[in-house]
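Okay, query_14.txt now, which holds compact mmCIF, C-alpha atoms:
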# COMPACT_ATOMS: atom_id res chain seq x y z
CA VAL A 1064 1.12 -3.24 -17.41
CA LEU A 1065 0.99 -4.99 -14.04
CA GLU A 1066 1.31 -8.76 -13.98
CA GLU A 1067 0.24 -11.12 -11.22
CA GLY A 1068 2.96 -11.04 -8.57
CA PHE A 1069 5.53 -8.38 -7.71
CA ASN A 1070 5.68 -5.16 -9.77
CA TYR A 1071 6.61 -1.48 -9.66
CA ILE A 1072 4.37 1.50 -10.45
CA THR A 1073 6.03 4.72 -11.58
CA THR A 1074 4.40 7.86 -10.14
CA ARG A 1075 4.24 11.30 -11.76
CA ASP A 1076 7.61 12.41 -10.35
CA GLY A 1077 9.37 9.19 -11.39
CA THR A 1078 9.30 7.52 -7.97
CA GLU A 1079 8.70 3.76 -8.21
CA LEU A 1080 6.33 2.12 -5.74
CA SER A 1081 6.55 -1.60 -5.02
CA VAL A 1082 3.31 -3.46 -5.71
CA MET A 1083 2.06 -7.02 -5.19
CA VAL A 1084 -0.86 -8.23 -7.32
CA ARG A 1085 -2.74 -11.20 -5.85
CA HIS A 1086 -5.48 -12.58 -8.11
CA PRO A 1087 -8.02 -14.94 -6.52
CA ALA A 1088 -6.81 -18.56 -6.46
CA PRO A 1089 -8.22 -20.97 -9.07
CA ASP A 1090 -10.47 -22.73 -6.55
CA VAL A 1091 -11.83 -19.36 -5.39
CA ARG A 1092 -12.53 -18.36 -9.00
CA ALA A 1093 -14.41 -21.62 -9.52
CA LEU A 1094 -16.37 -21.13 -6.28
CA TRP A 1095 -17.57 -17.67 -7.32
CA GLY A 1096 -18.01 -18.52 -11.00
CA LEU A 1097 -15.33 -16.07 -12.11
CA PRO A 1098 -13.65 -16.29 -15.51
CA GLU A 1099 -10.25 -17.95 -15.31
CA GLU A 1100 -8.38 -14.95 -16.74
CA GLY A 1101 -10.57 -12.24 -15.22
CA PRO A 1102 -11.49 -9.46 -15.13
CA PHE A 1103 -11.84 -9.44 -11.34
CA PRO A 1104 -13.28 -6.92 -8.90
CA THR A 1105 -10.23 -5.30 -7.34
CA VAL A 1106 -9.23 -3.66 -4.06
CA VAL A 1107 -6.05 -1.83 -3.06
CA GLU A 1108 -4.23 -1.85 0.29
CA TYR A 1109 -1.84 1.13 0.54
CA SER A 1110 0.42 1.67 3.55
CA GLY A 1111 3.93 1.90 4.96
CA TYR A 1112 3.83 -1.59 6.44
CA SER A 1113 4.46 -4.51 4.06
CA PRO A 1114 1.47 -4.74 1.69
CA SER A 1115 3.76 -5.53 -1.28
CA ASN A 1116 5.67 -8.30 0.51
CA PRO A 1117 5.47 -11.23 -1.95
CA GLU A 1118 5.42 -13.72 0.92
CA GLY A 1119 2.65 -11.88 2.77
CA THR A 1120 -1.12 -12.02 2.45
CA GLY A 1121 -2.04 -8.44 3.24
CA GLU A 1122 -4.25 -7.24 6.06
CA PRO A 1123 -7.56 -8.98 6.90
CA GLY A 1124 -9.48 -6.77 4.44
CA SER A 1125 -7.24 -7.87 1.58
CA MET A 1126 -7.37 -11.51 2.65
CA ILE A 1127 -11.16 -11.55 2.90
CA ALA A 1128 -11.53 -9.78 -0.44
CA ASN A 1129 -9.20 -12.32 -2.08
CA LEU A 1130 -11.28 -15.21 -0.69
CA MET A 1131 -14.43 -13.56 -2.05
CA GLY A 1132 -13.05 -13.46 -5.59
CA PHE A 1133 -11.38 -10.05 -5.61
CA THR A 1134 -7.89 -9.28 -6.79
CA SER A 1135 -6.03 -7.54 -3.98
CA VAL A 1136 -3.16 -5.19 -4.75
CA GLY A 1137 -0.72 -4.22 -2.01
CA VAL A 1138 1.13 -0.94 -2.52
CA ASN A 1139 3.98 0.31 -0.32
CA ILE A 1140 4.08 4.07 0.15
CA ARG A 1141 7.25 5.87 -0.92
CA GLY A 1142 10.29 5.23 1.20
CA THR A 1143 8.99 1.91 2.57
CA GLY A 1144 9.40 -1.69 1.48
CA CYS A 1145 11.01 -1.74 -1.96
CA SER A 1146 9.44 1.58 -2.96
CA GLY A 1147 11.66 4.47 -3.97
CA GLY A 1148 11.69 7.92 -2.41
CA VAL A 1149 11.99 9.00 1.19
CA PHE A 1150 9.63 8.05 4.01
CA ASP A 1151 7.88 10.91 5.81
CA VAL A 1152 4.75 9.85 7.64
CA PHE A 1153 1.51 11.37 6.28
CA ASN A 1154 3.16 13.76 3.83
CA ALA A 1155 1.60 15.34 0.76
CA ALA A 1156 3.43 13.03 -1.65
CA GLN A 1157 1.41 10.10 -0.27
CA ARG A 1158 -1.76 11.72 -1.58
CA ALA A 1159 -0.38 12.20 -5.10
CA ASP A 1160 1.16 8.71 -5.09
CA GLY A 1161 -2.14 7.23 -3.94
CA TYR A 1162 -3.92 8.91 -6.84
CA ASP A 1163 -1.33 7.64 -9.32
CA ALA A 1164 -1.46 4.10 -7.92
CA ILE A 1165 -5.26 3.96 -8.08
CA GLU A 1166 -5.37 5.25 -11.65
CA THR A 1167 -2.60 2.88 -12.79
CA ILE A 1168 -4.21 -0.17 -11.17
CA ALA A 1169 -7.72 0.70 -12.40
CA ALA A 1170 -6.38 0.87 -15.99
CA GLN A 1171 -5.31 -2.79 -15.99
CA ASP A 1172 -7.34 -5.09 -18.23
CA TRP A 1173 -7.83 -7.58 -15.37
CA VAL A 1174 -9.79 -4.98 -13.33
CA GLU A 1175 -13.54 -5.48 -13.60
CA GLY A 1176 -15.41 -2.31 -14.55
CA GLY A 1177 -12.25 -0.19 -14.71
CA LYS A 1178 -12.66 0.91 -11.07
CA VAL A 1179 -11.11 -0.21 -7.79
CA GLY A 1180 -11.87 0.10 -4.10
CA MET A 1181 -9.55 0.44 -1.11
CA VAL A 1182 -9.40 -1.66 2.05
CA GLY A 1183 -7.47 -1.54 5.30
CA LEU A 1184 -7.44 -0.30 8.86
CA SER A 1185 -5.30 2.04 10.90
CA TYR A 1186 -2.31 3.03 8.71
CA SER A 1187 -3.87 1.65 5.53
CA GLY A 1188 -7.19 3.20 6.60
CA ILE A 1189 -5.65 6.66 7.02
CA SER A 1190 -3.87 6.37 3.66
CA GLN A 1191 -7.27 5.69 2.07
CA LEU A 1192 -8.48 9.09 3.29
CA TYR A 1193 -5.36 10.79 1.95
CA THR A 1194 -5.92 9.12 -1.42
CA ALA A 1195 -9.69 9.71 -1.57
CA ALA A 1196 -9.13 13.42 -0.86
CA THR A 1197 -7.48 13.68 -4.31
CA ASN A 1198 -10.68 12.30 -5.92
CA PRO A 1199 -9.19 9.74 -8.34
CA PRO A 1200 -11.82 9.28 -11.08
CA HIS A 1201 -11.49 5.48 -11.02
CA LEU A 1202 -11.73 5.01 -7.24
CA ALA A 1203 -15.10 3.38 -6.57
CA GLY A 1204 -15.00 3.65 -2.78
CA VAL A 1205 -13.01 3.29 0.43
CA THR A 1206 -13.53 1.29 3.62
CA ALA A 1207 -11.29 3.25 5.98
CA GLN A 1208 -11.35 1.72 9.47
CA SER A 1209 -9.68 2.68 12.76
CA VAL A 1210 -8.50 6.06 11.50
CA ILE A 1211 -7.57 9.29 13.29
CA ALA A 1212 -9.26 12.66 12.96
CA ASP A 1213 -6.15 14.84 13.02
CA PRO A 1214 -2.48 13.74 12.88
CA TRP A 1215 -1.39 16.79 14.90
CA LEU A 1216 -3.84 16.03 17.70
CA GLN A 1217 -2.67 12.41 17.68
CA ALA A 1218 0.86 13.63 18.44
CA TRP A 1219 -0.14 16.57 20.68
CA PRO A 1220 -3.47 15.72 22.39
CA GLY A 1221 -4.54 18.72 24.44
CA GLY A 1222 -1.26 20.39 23.48
CA ILE A 1223 0.80 17.81 25.40
CA PHE A 1224 3.27 15.67 23.44
CA ASN A 1225 2.16 12.04 23.23
CA SER A 1226 5.32 10.19 24.23
CA GLY A 1227 3.42 6.91 24.35
CA PHE A 1228 2.03 5.07 21.35
CA THR A 1229 2.44 7.80 18.76
CA GLN A 1230 6.14 8.40 19.42
CA GLN A 1231 6.86 4.65 19.54
CA TRP A 1232 4.87 4.00 16.35
CA ILE A 1233 6.71 6.71 14.38
CA ARG A 1234 10.07 5.43 15.66
CA GLN A 1235 9.14 1.90 14.52
CA ARG A 1236 8.04 3.17 11.09
CA ASN A 1237 11.32 5.05 10.65
CA GLN A 1238 13.31 1.95 11.65
CA ALA A 1239 11.36 -0.26 9.23
CA ALA A 1240 11.89 2.27 6.40
CA ALA A 1241 15.67 2.36 6.93
CA PRO A 1242 17.92 0.24 4.68
CA GLY A 1243 17.74 -3.34 5.97
CA GLY A 1244 14.81 -2.43 8.20
CA SER A 1245 12.57 -5.18 6.78
CA SER A 1246 13.75 -8.76 6.30
CA TRP A 1247 11.63 -9.30 3.18
CA VAL A 1248 13.28 -6.29 1.50
CA THR A 1249 16.73 -7.72 2.27
CA GLU A 1250 15.63 -11.07 0.83
CA ARG A 1251 14.45 -9.44 -2.40
CA ILE A 1252 17.74 -7.59 -2.79
CA GLU A 1253 19.74 -10.76 -2.10
CA GLY A 1254 17.53 -12.50 -4.66
CA GLY A 1255 18.55 -10.03 -7.36
CA ASP A 1256 16.00 -7.19 -7.25
CA THR A 1257 18.29 -4.37 -8.41
CA THR A 1258 15.46 -1.82 -8.41
CA CYS A 1259 14.77 -2.45 -4.73
CA ALA A 1260 18.49 -2.25 -4.00
CA ALA A 1261 18.81 1.06 -5.86
CA HIS A 1262 16.06 2.56 -3.72
CA GLN A 1263 17.77 1.89 -0.39
CA PRO A 1264 20.69 4.41 -0.22
CA LEU A 1265 18.36 7.41 -0.29
CA ARG A 1266 16.77 6.15 2.94
CA ASN A 1267 19.84 7.26 4.91
Please rewrite the model in this file as structure tokens.
Amino acid sequence: VLEEGFNYITTRDGTELSVMVRHPAPDVRALWGLPEEGPFPTVVEYSGYSPSNPEGTGEPGSMIANLMGFTSVGVNIRGTGCSGGVFDVFNAAQRADGYDAIETIAAQDWVEGGKVGMVGLSYSGISQLYTAATNPPHLAGVTAQSVIADPWLQAWPGGIFNSGFTQQWIRQRNQAAAPGGSSWVTERIEGGDTTCAAHQPLRN
């Protein structure tokens, strides 16, 4: 059961992913004529940035969806944010975790129609493709924007190593995934989130 606010989802191998559930605000519900307690149409943003940051709002797709009466759910991939596991960009576990997250979220009683969509661009667009490739039965659709065709070609275009953006981006992702790499994660730990704290040592 996922409540409004910060939660954890347990995946098939026991890894816990940090999740932030943002229901539409009361005035937005009134504007769109939505029932006060739901159910609400729901979208998921899934990436290695900070979609589950309780103080954040998510990417533009999540923000727009929230203002249009959707619940938006931010999910941090394994090894990032407060999620357990080890970070490894675009690995196979992200596909399985994406499937598990979609199926867990879609099963919540506040999800309208028992199906969810996915939103996001770039990193959270690529992760949509990884998730959709597993064909979760309760994934209604994806809106993947600004994605890449082939991760290998992104790193080795024309067989030449891309020491520009790609190398810098991966270095930044690794730094952010390290213990203490994100200020909001440190704040949650200092605030008493023992689950988040327990996930950090494995990052080293």
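Here the question is which of A:Ile1233, A:Val1248, A:Ile1127, A:Val1149 gets nearest to Tyr1186 in chain A using all atoms listed in the file, and that residue is A:Ile1233.
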Close residues, Tyr1109 in chain A itself excluded, 6 Å, all atoms listed in the file, min 4 positions apart in chain, as number ranges by chain: A: 1138-1139, 1187
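Atom pair CA of Val1205 in chain A / CA of Met1181 in chain A has a distance of 4.7 Å (rounded to one decimal).
The space separating CA of Ser1209 in chain A from CA of Thr1167 in chain A comes to 26.5 Å.
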Proximity to Gly1243 in chain A - best of A:Val1152, A:Asp1163, A:Ala1260, A:Glu1099, only C-alpha atoms: A:Ala1260
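Of the residues listed (A:Ala1088, A:Ala1155, A:Val1136, A:Ala1164), A:Ala1164 shows the shortest atom-to-atom separation from Arg1075 in chain A; distances use only C-alpha atoms.
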Selected residue of minimal separation from Leu1080 in chain A among A:Cys1259, A:Pro1098, A:Thr1249, A:Gly1183, counting only C-alpha atoms: A:Cys1259
